[in-house]
file model_3.csv (CSV, C-alpha atoms)
chain,number,residue,atom,x,y,z
D,1,MET,CA,-13.3,10.9,17.3
D,2,GLY,CA,-12.5,7.7,19.1
D,3,LEU,CA,-12.9,4.1,18.1
D,4,GLU,CA,-16.6,3.5,18.2
D,5,THR,CA,-17.1,-0.2,17.7
D,6,ALA,CA,-15.4,-3.2,19.3
D,7,GLU,CA,-16.9,-6.5,19.9
D,8,ARG,CA,-15.2,-9.2,22.0
D,9,GLY,CA,-14.8,-12.3,19.9
D,10,GLY,CA,-13.6,-15.7,20.7
D,11,ASN,CA,-10.0,-14.7,20.1
D,12,GLY,CA,-9.9,-11.0,20.9
D,13,PHE,CA,-11.5,-7.8,19.8
D,14,THR,CA,-12.8,-7.2,16.3
D,15,PRO,CA,-12.5,-3.4,16.3
D,16,VAL,CA,-13.1,-0.8,13.7
D,17,ASN,CA,-9.5,-0.2,12.7
D,18,HIS,CA,-8.6,3.3,11.7
D,19,LEU,CA,-5.2,2.4,10.3
D,20,MET,CA,-6.6,-0.3,8.0
D,21,SER,CA,-9.4,2.1,6.9
D,22,GLU,CA,-6.8,4.7,6.0
D,23,LEU,CA,-4.6,2.1,4.2
D,24,ARG,CA,-7.7,0.9,2.3
D,25,ALA,CA,-8.5,4.5,1.3
D,26,GLU,CA,-4.9,5.1,0.2
D,27,LEU,CA,-5.1,1.9,-2.0
D,28,ASP,CA,-8.5,3.0,-3.4
D,29,TRP,CA,-7.2,6.4,-4.3
D,30,ALA,CA,-4.1,4.9,-6.0
D,31,THR,CA,-6.4,2.5,-7.9
D,32,HIS,CA,-8.7,5.3,-9.0
D,33,GLU,CA,-5.8,7.6,-10.1
D,34,LEU,CA,-4.2,4.8,-12.1
D,35,SER,CA,-7.6,4.0,-13.7
D,36,ILE,CA,-8.0,7.6,-14.8
D,37,ALA,CA,-4.5,7.7,-16.2
D,38,ASN,CA,-5.0,4.4,-18.1
D,39,ASN,CA,-8.3,5.6,-19.5
D,40,ARG,CA,-6.8,8.8,-20.7
D,41,LEU,CA,-3.9,6.9,-22.3
D,42,ALA,CA,-6.4,4.6,-24.0
D,43,GLU,CA,-8.3,7.6,-25.4
D,44,LEU,CA,-5.1,9.1,-26.8
D,45,GLU,CA,-4.1,5.7,-28.3
D,46,SER,CA,-7.5,5.3,-29.9
D,47,THR,CA,-7.4,8.8,-31.4
D,48,LEU,CA,-4.0,8.2,-32.8
D,49,ASN,CA,-5.0,4.8,-34.2
D,50,ALA,CA,-8.0,6.3,-35.9
D,51,ALA,CA,-5.7,8.8,-37.6
D,52,TYR,CA,-3.9,5.9,-39.3
D,53,HIS,CA,-7.2,4.8,-40.9
D,54,ASP,CA,-7.7,8.2,-42.5
D,55,VAL,CA,-7.4,8.1,-46.3
D,56,PRO,CA,-5.2,9.6,-47.4
D,57,ILE,CA,-2.9,9.3,-44.4
D,58,ASP,CA,-1.7,12.7,-43.2
D,59,GLU,CA,1.9,12.0,-41.9
D,60,LYS,CA,2.2,15.5,-40.4
D,61,LYS,CA,-1.0,15.1,-38.4
D,62,ILE,CA,0.1,11.6,-37.2
D,63,GLU,CA,3.5,12.9,-36.2
D,64,ARG,CA,1.9,15.9,-34.3
D,65,MET,CA,-0.6,13.6,-32.6
D,66,SER,CA,2.2,11.2,-31.6
D,67,MET,CA,4.1,14.0,-30.0
D,68,GLU,CA,1.0,15.2,-28.2
D,69,ARG,CA,0.4,11.7,-27.0
D,70,GLU,CA,3.9,11.3,-25.7
D,71,ILE,CA,3.7,14.7,-23.9
D,72,GLU,CA,0.4,13.8,-22.4
D,73,GLU,CA,1.7,10.4,-21.3
D,74,ALA,CA,4.7,12.0,-19.6
D,75,LYS,CA,2.3,14.4,-17.8
D,76,LEU,CA,0.2,11.4,-16.6
D,77,GLN,CA,3.3,9.9,-14.9
D,78,ILE,CA,1.8,6.5,-15.3
D,79,ASP,CA,5.0,4.7,-14.2
D,80,SER,CA,4.9,6.6,-10.9
D,81,LEU,CA,1.2,5.8,-10.5
D,82,TYR,CA,2.0,2.1,-11.0
D,83,ASP,CA,4.7,2.3,-8.3
D,84,LEU,CA,2.4,4.1,-5.9
D,85,HIS,CA,-0.3,1.6,-6.5
D,86,HIS,CA,2.1,-1.3,-5.9
D,87,ILE,CA,3.4,0.2,-2.7
D,88,ALA,CA,-0.2,0.9,-1.4
D,89,ARG,CA,-1.4,-2.6,-2.3
D,90,THR,CA,1.6,-4.3,-0.7
D,91,ARG,CA,1.4,-2.2,2.5
D,92,PHE,CA,-2.3,-2.8,2.8
D,93,GLU,CA,-2.0,-6.5,2.3
D,94,LYS,CA,0.9,-6.9,4.7
D,95,MET,CA,-0.8,-4.9,7.5
D,96,GLU,CA,-4.0,-6.8,6.9
D,97,MET,CA,-2.1,-10.0,7.5
D,98,ALA,CA,-0.2,-8.5,10.5
D,99,PHE,CA,-3.5,-7.7,12.2
D,100,GLU,CA,-4.9,-11.1,11.3
D,101,ILE,CA,-1.8,-12.7,12.9
D,102,ALA,CA,-2.2,-10.6,16.1
D,103,ARG,CA,-6.0,-11.4,16.2
D,104,GLN,CA,-5.3,-15.1,15.8
D,105,TYR,CA,-2.6,-15.6,18.4
D,106,ASN,CA,-2.7,-14.4,22.0
D,107,LEU,CA,0.9,-15.4,22.6
D,108,LEU,CA,3.3,-12.4,21.9
D,109,SER,CA,6.2,-14.6,21.0
D,110,VAL,CA,4.2,-16.4,18.3
D,111,VAL,CA,2.9,-13.0,17.0
D,112,SER,CA,6.5,-11.7,16.8
D,113,VAL,CA,7.8,-14.8,14.9
D,114,ASN,CA,5.0,-14.6,12.4
D,115,LEU,CA,5.5,-10.9,11.9
D,116,ARG,CA,9.2,-11.4,11.3
D,117,ASN,CA,8.3,-14.1,8.7
D,118,LEU,CA,5.7,-11.7,7.1
D,119,LEU,CA,7.6,-8.5,7.1
D,120,LEU,CA,11.1,-9.7,6.4
D,121,VAL,CA,10.4,-12.3,3.8
D,122,GLY,CA,13.5,-12.7,1.6
D,123,GLN,CA,15.6,-10.3,3.7
D,124,PRO,CA,17.9,-12.4,5.8
D,125,ASP,CA,20.4,-9.6,6.4
D,126,LEU,CA,17.7,-7.6,8.2
D,127,ARG,CA,16.5,-10.5,10.3
D,128,SER,CA,19.8,-10.5,12.3
D,129,ARG,CA,19.9,-6.7,13.0
D,130,LEU,CA,19.0,-6.0,16.6
D,131,ASP,CA,17.3,-2.7,15.8
D,132,VAL,CA,15.0,-4.4,13.3
D,133,ARG,CA,14.3,-7.2,15.7
D,134,ALA,CA,13.4,-4.7,18.5
D,135,ALA,CA,11.2,-2.7,16.1
D,136,LEU,CA,9.4,-6.0,15.1
D,137,ALA,CA,8.9,-6.9,18.8
D,138,ALA,CA,7.4,-3.4,19.4
D,139,ILE,CA,5.0,-3.8,16.5
D,140,GLY,CA,4.0,-7.3,17.8
D,141,SER,CA,3.4,-5.9,21.2
D,142,ALA,CA,1.4,-2.9,19.9
D,143,LEU,CA,-0.7,-5.1,17.7
D,144,HIS,CA,-1.2,-7.6,20.5
D,145,ASP,CA,-2.4,-4.9,22.8
D,146,TYR,CA,-4.7,-3.5,20.1
D,147,CYS,CA,-6.3,-6.8,19.4
D,148,TRP,CA,-6.3,-8.4,22.9
D,149,VAL,CA,-6.3,-5.6,25.4
D,150,GLU,CA,-8.1,-2.6,24.0
D,151,PRO,CA,-8.6,-1.2,20.5
D,152,SER,CA,-8.3,2.4,21.6
D,153,ASP,CA,-7.0,5.5,19.8
D,154,GLU,CA,-3.9,5.2,21.9
D,155,ALA,CA,-3.4,1.6,20.9
D,156,ASP,CA,-3.9,2.6,17.2
D,157,ALA,CA,-1.4,5.4,17.6
D,158,ARG,CA,1.1,3.0,19.1
D,159,VAL,CA,0.7,0.6,16.2
D,160,ARG,CA,1.3,3.5,13.8
D,161,SER,CA,4.4,4.8,15.6
D,162,THR,CA,6.0,1.3,15.9
D,163,LEU,CA,5.3,0.7,12.3
D,164,MET,CA,6.9,4.0,11.3
D,165,HIS,CA,9.9,3.2,13.4
D,166,PHE,CA,10.2,-0.3,11.8
D,167,GLU,CA,10.0,1.2,8.3
D,168,SER,CA,12.7,3.8,9.1
D,169,CYS,CA,14.9,1.0,10.5
D,170,VAL,CA,14.5,-1.0,7.3
D,171,ALA,CA,14.7,1.9,4.9
D,172,TRP,CA,17.5,3.9,6.5
D,173,GLY,CA,19.4,1.3,8.5
D,174,GLU,CA,18.9,3.3,11.6
call {"tool": "encode", "arguments": {"input": "model_3.csv", "output": "structure tokens"}}
result
Amino acid sequence: MGLETAERGGNGFTPVNHLMSELRAELDWATHELSIANNRLAELESTLNAAYHDVPIDEKKIERMSMEREIEEAKLQIDSLYDLHHIARTRFEKMEMAFEIARQYNLLSVVSVNLRNLLLVGQPDLRSRLDVRAALAAIGSALHDYCWVEPSDEADARVRSTLMHFESCVAWGE
């Protein structure tokens, strides 16, 4: 299925963006899973708190319920869910801003500078690496083509591949 909708605006295309839709779906999924885990944790906590109000207090029951709660909490992997949610939210927000930069400016050099400021904030050591600079330039070019030339499946695939290359440069010091 190809990109179905693109309207020419005053400063470029306003396309249906598959990458952003997928990032939004990923963020929504992480939010949903985190909500389920937090609700389950709240239920366990509520049940345990209710046991403290029983008269007389059954210490063995409370101890068993506490252990069950800890085991269930470990199964929920809530810390990992918070990490996944943070990563998904950050990635979505940065890519949303990156597309906005590319839609706003039709000059590739301006797009590249703004992307560098966005994606390498607080990372001066990465700014000077030639591989990272080249990867950022490729992202800028791919986003520029997507927003100003044609929002096609091929352009979307190019944005994805340049983004993956950039992420591997930053993560692995390629």
call {"tool": "closest_residue", "arguments": {"input": "model_3.csv", "among": "D:Ile101, D:Ile78, D:Leu108, D:Leu44", "to": "D:Ile62", "atoms": "all atoms listed in the file"}}
result
D:Leu44
call {"tool": "closest_residue", "arguments": {"input": "model_3.csv", "among": "D:Met65, D:Ala50, D:Ile71, D:Leu84", "to": "D:Leu27", "atoms": "all atoms listed in the file"}}
result
D:Leu84
call {"tool": "closest_residue", "arguments": {"input": "model_3.csv", "among": "D:Pro124, D:Arg116, D:Trp29, D:Leu163", "to": "D:Ala138", "atoms": "all atoms listed in the file"}}
result
D:Leu163
call {"tool": "closest_residue", "arguments": {"input": "model_3.csv", "among": "D:Leu34, D:Met95, D:Val113, D:Leu48", "to": "D:Leu76", "atoms": "only C-alpha atoms"}}
result
D:Leu34
call {"tool": "atom_distance", "arguments": {"input": "model_3.csv", "atom1": "atom CA of D:Arg24", "atom2": "atom CA of D:Asp156"}}
result
15.5 Å
call {"tool": "residues_around", "arguments": {"input": "model_3.csv", "residues": "D:His85", "least_positions_apart": "6", "cutoff": "10 Å", "atoms": "only C-alpha atoms", "output": "list in words"}}
result
Glu26, Leu27, Asp28, Trp29, Ala30, Thr31, His32, Glu33, Leu34, Asp79 and Arg91 of chain D
call {"tool": "write_last_selection", "arguments": {"input": "model_3.csv", "atoms": "C-alpha atoms", "output": "PDB file, in the frame of the given file"}}
result
ATOM      1  CA  GLU D  26      -4.900   5.100   0.200  1.00  0.00           C
ATOM      2  CA  LEU D  27      -5.100   1.900  -2.000  1.00  0.00           C
ATOM      3  CA  ASP D  28      -8.500   3.000  -3.400  1.00  0.00           C
ATOM      4  CA  TRP D  29      -7.200   6.400  -4.300  1.00  0.00           C
ATOM      5  CA  ALA D  30      -4.100   4.900  -6.000  1.00  0.00           C
ATOM      6  CA  THR D  31      -6.400   2.500  -7.900  1.00  0.00           C
ATOM      7  CA  HIS D  32      -8.700   5.300  -9.000  1.00  0.00           C
ATOM      8  CA  GLU D  33      -5.800   7.600 -10.100  1.00  0.00           C
ATOM      9  CA  LEU D  34      -4.200   4.800 -12.100  1.00  0.00           C
ATOM     10  CA  ASP D  79       5.000   4.700 -14.200  1.00  0.00           C
ATOM     11  CA  ARG D  91       1.400  -2.200   2.500  1.00  0.00           C
TER      12      ARG D  91
END
call {"tool": "closest_residue", "arguments": {"input": "model_3.csv", "among": "D:Glu150, D:Glu22, D:Asp54, D:Glu96", "to": "D:Leu119", "atoms": "all atoms listed in the file"}}
result
D:Glu96
call {"tool": "atom_distance", "arguments": {"input": "model_3.csv", "atom1": "atom CA of D:Ser161", "atom2": "atom CA of D:Leu143"}}
result
11.3 Å
call {"tool": "closest_residue", "arguments": {"input": "model_3.csv", "among": "D:Ala157, D:Cys147, D:Ala171, D:Met97", "to": "D:Leu19", "atoms": "all atoms listed in the file"}}
result
D:Ala157
call {"tool": "atom_distance", "arguments": {"input": "model_3.csv", "atom1": "atom CA of D:Thr90", "atom2": "atom CA of D:Ile139"}}
result
17.5 Å
call {"tool": "residues_near_point", "arguments": {"input": "model_3.csv", "point": "(4.0, -8.5, 12.8)", "cutoff": "7 Å", "atoms": "only C-alpha atoms", "output": "PyMOL selection string"}}
result
chain D and resi 98+111-112+114-116+118-119+136+139-140
call {"tool": "residues_around", "arguments": {"input": "model_3.csv", "residues": "D:Ala155", "least_positions_apart": "4", "cutoff": "8 Å", "atoms": "all atoms listed in the file", "output": "number ranges by chain"}}
result
D: 142-143, 145-146, 150-151, 159
call {"tool": "residues_around", "arguments": {"input": "model_3.csv", "residues": "D:Ala51", "least_positions_apart": "2", "cutoff": "12 Å", "atoms": "only C-alpha atoms", "output": "list in words"}}
result
Leu44, Glu45, Ser46, Thr47, Leu48, Asn49, His53, Asp54, Val55, Pro56, Ile57, Asp58, Glu59, Lys60, Lys61, Ile62, Glu63, Arg64, Met65 and Ser66 of chain D
call {"tool": "write_last_selection", "arguments": {"input": "model_3.csv", "atoms": "C-alpha atoms", "output": "tab-separated table (two decimals), keeping the file's coordinate frame"}}
result
chain	number	residue	atom	x	y	z
D	44	LEU	CA	-5.10	9.10	-26.80
D	45	GLU	CA	-4.10	5.70	-28.30
D	46	SER	CA	-7.50	5.30	-29.90
D	47	THR	CA	-7.40	8.80	-31.40
D	48	LEU	CA	-4.00	8.20	-32.80
D	49	ASN	CA	-5.00	4.80	-34.20
D	53	HIS	CA	-7.20	4.80	-40.90
D	54	ASP	CA	-7.70	8.20	-42.50
D	55	VAL	CA	-7.40	8.10	-46.30
D	56	PRO	CA	-5.20	9.60	-47.40
D	57	ILE	CA	-2.90	9.30	-44.40
D	58	ASP	CA	-1.70	12.70	-43.20
D	59	GLU	CA	1.90	12.00	-41.90
D	60	LYS	CA	2.20	15.50	-40.40
D	61	LYS	CA	-1.00	15.10	-38.40
D	62	ILE	CA	0.10	11.60	-37.20
D	63	GLU	CA	3.50	12.90	-36.20
D	64	ARG	CA	1.90	15.90	-34.30
D	65	MET	CA	-0.60	13.60	-32.60
D	66	SER	CA	2.20	11.20	-31.60
call {"tool": "build_atoms", "arguments": {"input": "model_3.csv", "residues": "stretch 58-76 of chain D", "atoms": "N, CA, C and O atoms", "output": "PDB file, in the frame of the given file"}}
result
ATOM      1  N   ASP D  58      -2.359  11.406 -43.338  1.00  0.00           N
ATOM      2  CA  ASP D  58      -1.700  12.700 -43.200  1.00  0.00           C
ATOM      3  C   ASP D  58      -0.521  12.483 -42.196  1.00  0.00           C
ATOM      4  O   ASP D  58      -0.709  12.458 -40.971  1.00  0.00           O
ATOM      5  N   GLU D  59       0.673  12.315 -42.748  1.00  0.00           N
ATOM      6  CA  GLU D  59       1.900  12.000 -41.900  1.00  0.00           C
ATOM      7  C   GLU D  59       2.137  13.095 -40.900  1.00  0.00           C
ATOM      8  O   GLU D  59       2.513  12.789 -39.763  1.00  0.00           O
ATOM      9  N   LYS D  60       1.974  14.358 -41.285  1.00  0.00           N
ATOM     10  CA  LYS D  60       2.200  15.500 -40.400  1.00  0.00           C
ATOM     11  C   LYS D  60       1.262  15.429 -39.174  1.00  0.00           C
ATOM     12  O   LYS D  60       1.645  15.665 -38.032  1.00  0.00           O
ATOM     13  N   LYS D  61       0.004  15.142 -39.490  1.00  0.00           N
ATOM     14  CA  LYS D  61      -1.000  15.100 -38.400  1.00  0.00           C
ATOM     15  C   LYS D  61      -0.677  13.914 -37.479  1.00  0.00           C
ATOM     16  O   LYS D  61      -0.746  14.075 -36.263  1.00  0.00           O
ATOM     17  N   ILE D  62      -0.284  12.770 -38.012  1.00  0.00           N
ATOM     18  CA  ILE D  62       0.100  11.600 -37.200  1.00  0.00           C
ATOM     19  C   ILE D  62       1.299  11.932 -36.334  1.00  0.00           C
ATOM     20  O   ILE D  62       1.342  11.608 -35.147  1.00  0.00           O
ATOM     21  N   GLU D  63       2.283  12.581 -36.934  1.00  0.00           N
ATOM     22  CA  GLU D  63       3.500  12.900 -36.200  1.00  0.00           C
ATOM     23  C   GLU D  63       3.156  13.901 -35.047  1.00  0.00           C
ATOM     24  O   GLU D  63       3.624  13.739 -33.915  1.00  0.00           O
ATOM     25  N   ARG D  64       2.309  14.903 -35.323  1.00  0.00           N
ATOM     26  CA  ARG D  64       1.900  15.900 -34.300  1.00  0.00           C
ATOM     27  C   ARG D  64       1.109  15.164 -33.193  1.00  0.00           C
ATOM     28  O   ARG D  64       1.344  15.396 -32.004  1.00  0.00           O
ATOM     29  N   MET D  65       0.190  14.291 -33.584  1.00  0.00           N
ATOM     30  CA  MET D  65      -0.600  13.600 -32.600  1.00  0.00           C
ATOM     31  C   MET D  65       0.254  12.641 -31.750  1.00  0.00           C
ATOM     32  O   MET D  65       0.025  12.496 -30.544  1.00  0.00           O
ATOM     33  N   SER D  66       1.256  12.017 -32.371  1.00  0.00           N
ATOM     34  CA  SER D  66       2.200  11.200 -31.600  1.00  0.00           C
ATOM     35  C   SER D  66       2.946  11.955 -30.574  1.00  0.00           C
ATOM     36  O   SER D  66       3.124  11.501 -29.437  1.00  0.00           O
ATOM     37  N   MET D  67       3.418  13.126 -30.984  1.00  0.00           N
ATOM     38  CA  MET D  67       4.100  14.000 -30.000  1.00  0.00           C
ATOM     39  C   MET D  67       3.216  14.436 -28.903  1.00  0.00           C
ATOM     40  O   MET D  67       3.616  14.421 -27.732  1.00  0.00           O
ATOM     41  N   GLU D  68       1.987  14.808 -29.230  1.00  0.00           N
ATOM     42  CA  GLU D  68       1.000  15.200 -28.200  1.00  0.00           C
ATOM     43  C   GLU D  68       0.737  14.064 -27.245  1.00  0.00           C
ATOM     44  O   GLU D  68       0.629  14.261 -26.034  1.00  0.00           O
ATOM     45  N   ARG D  69       0.616  12.863 -27.802  1.00  0.00           N
ATOM     46  CA  ARG D  69       0.400  11.700 -27.000  1.00  0.00           C
ATOM     47  C   ARG D  69       1.545  11.436 -26.031  1.00  0.00           C
ATOM     48  O   ARG D  69       1.359  11.151 -24.856  1.00  0.00           O
ATOM     49  N   GLU D  70       2.762  11.550 -26.530  1.00  0.00           N
ATOM     50  CA  GLU D  70       3.900  11.300 -25.700  1.00  0.00           C
ATOM     51  C   GLU D  70       4.032  12.391 -24.587  1.00  0.00           C
ATOM     52  O   GLU D  70       4.366  12.072 -23.445  1.00  0.00           O
ATOM     53  N   ILE D  71       3.722  13.633 -24.922  1.00  0.00           N
ATOM     54  CA  ILE D  71       3.700  14.700 -23.900  1.00  0.00           C
ATOM     55  C   ILE D  71       2.675  14.444 -22.851  1.00  0.00           C
ATOM     56  O   ILE D  71       2.939  14.551 -21.649  1.00  0.00           O
ATOM     57  N   GLU D  72       1.489  14.085 -23.296  1.00  0.00           N
ATOM     58  CA  GLU D  72       0.400  13.800 -22.400  1.00  0.00           C
ATOM     59  C   GLU D  72       0.733  12.576 -21.486  1.00  0.00           C
ATOM     60  O   GLU D  72       0.467  12.569 -20.285  1.00  0.00           O
ATOM     61  N   GLU D  73       1.334  11.557 -22.084  1.00  0.00           N
ATOM     62  CA  GLU D  73       1.700  10.400 -21.300  1.00  0.00           C
ATOM     63  C   GLU D  73       2.750  10.743 -20.252  1.00  0.00           C
ATOM     64  O   GLU D  73       2.665  10.260 -19.121  1.00  0.00           O
ATOM     65  N   ALA D  74       3.689  11.595 -20.588  1.00  0.00           N
ATOM     66  CA  ALA D  74       4.700  12.000 -19.600  1.00  0.00           C
ATOM     67  C   ALA D  74       3.997  12.807 -18.465  1.00  0.00           C
ATOM     68  O   ALA D  74       4.360  12.637 -17.293  1.00  0.00           O
ATOM     69  N   LYS D  75       3.008  13.636 -18.799  1.00  0.00           N
ATOM     70  CA  LYS D  75       2.300  14.400 -17.800  1.00  0.00           C
ATOM     71  C   LYS D  75       1.509  13.452 -16.836  1.00  0.00           C
ATOM     72  O   LYS D  75       1.358  13.742 -15.655  1.00  0.00           O
ATOM     73  N   LEU D  76       1.015  12.361 -17.385  1.00  0.00           N
ATOM     74  CA  LEU D  76       0.200  11.400 -16.600  1.00  0.00           C
ATOM     75  C   LEU D  76       1.098  10.703 -15.535  1.00  0.00           C
ATOM     76  O   LEU D  76       0.587  10.230 -14.526  1.00  0.00           O
TER      77      LEU D  76
END
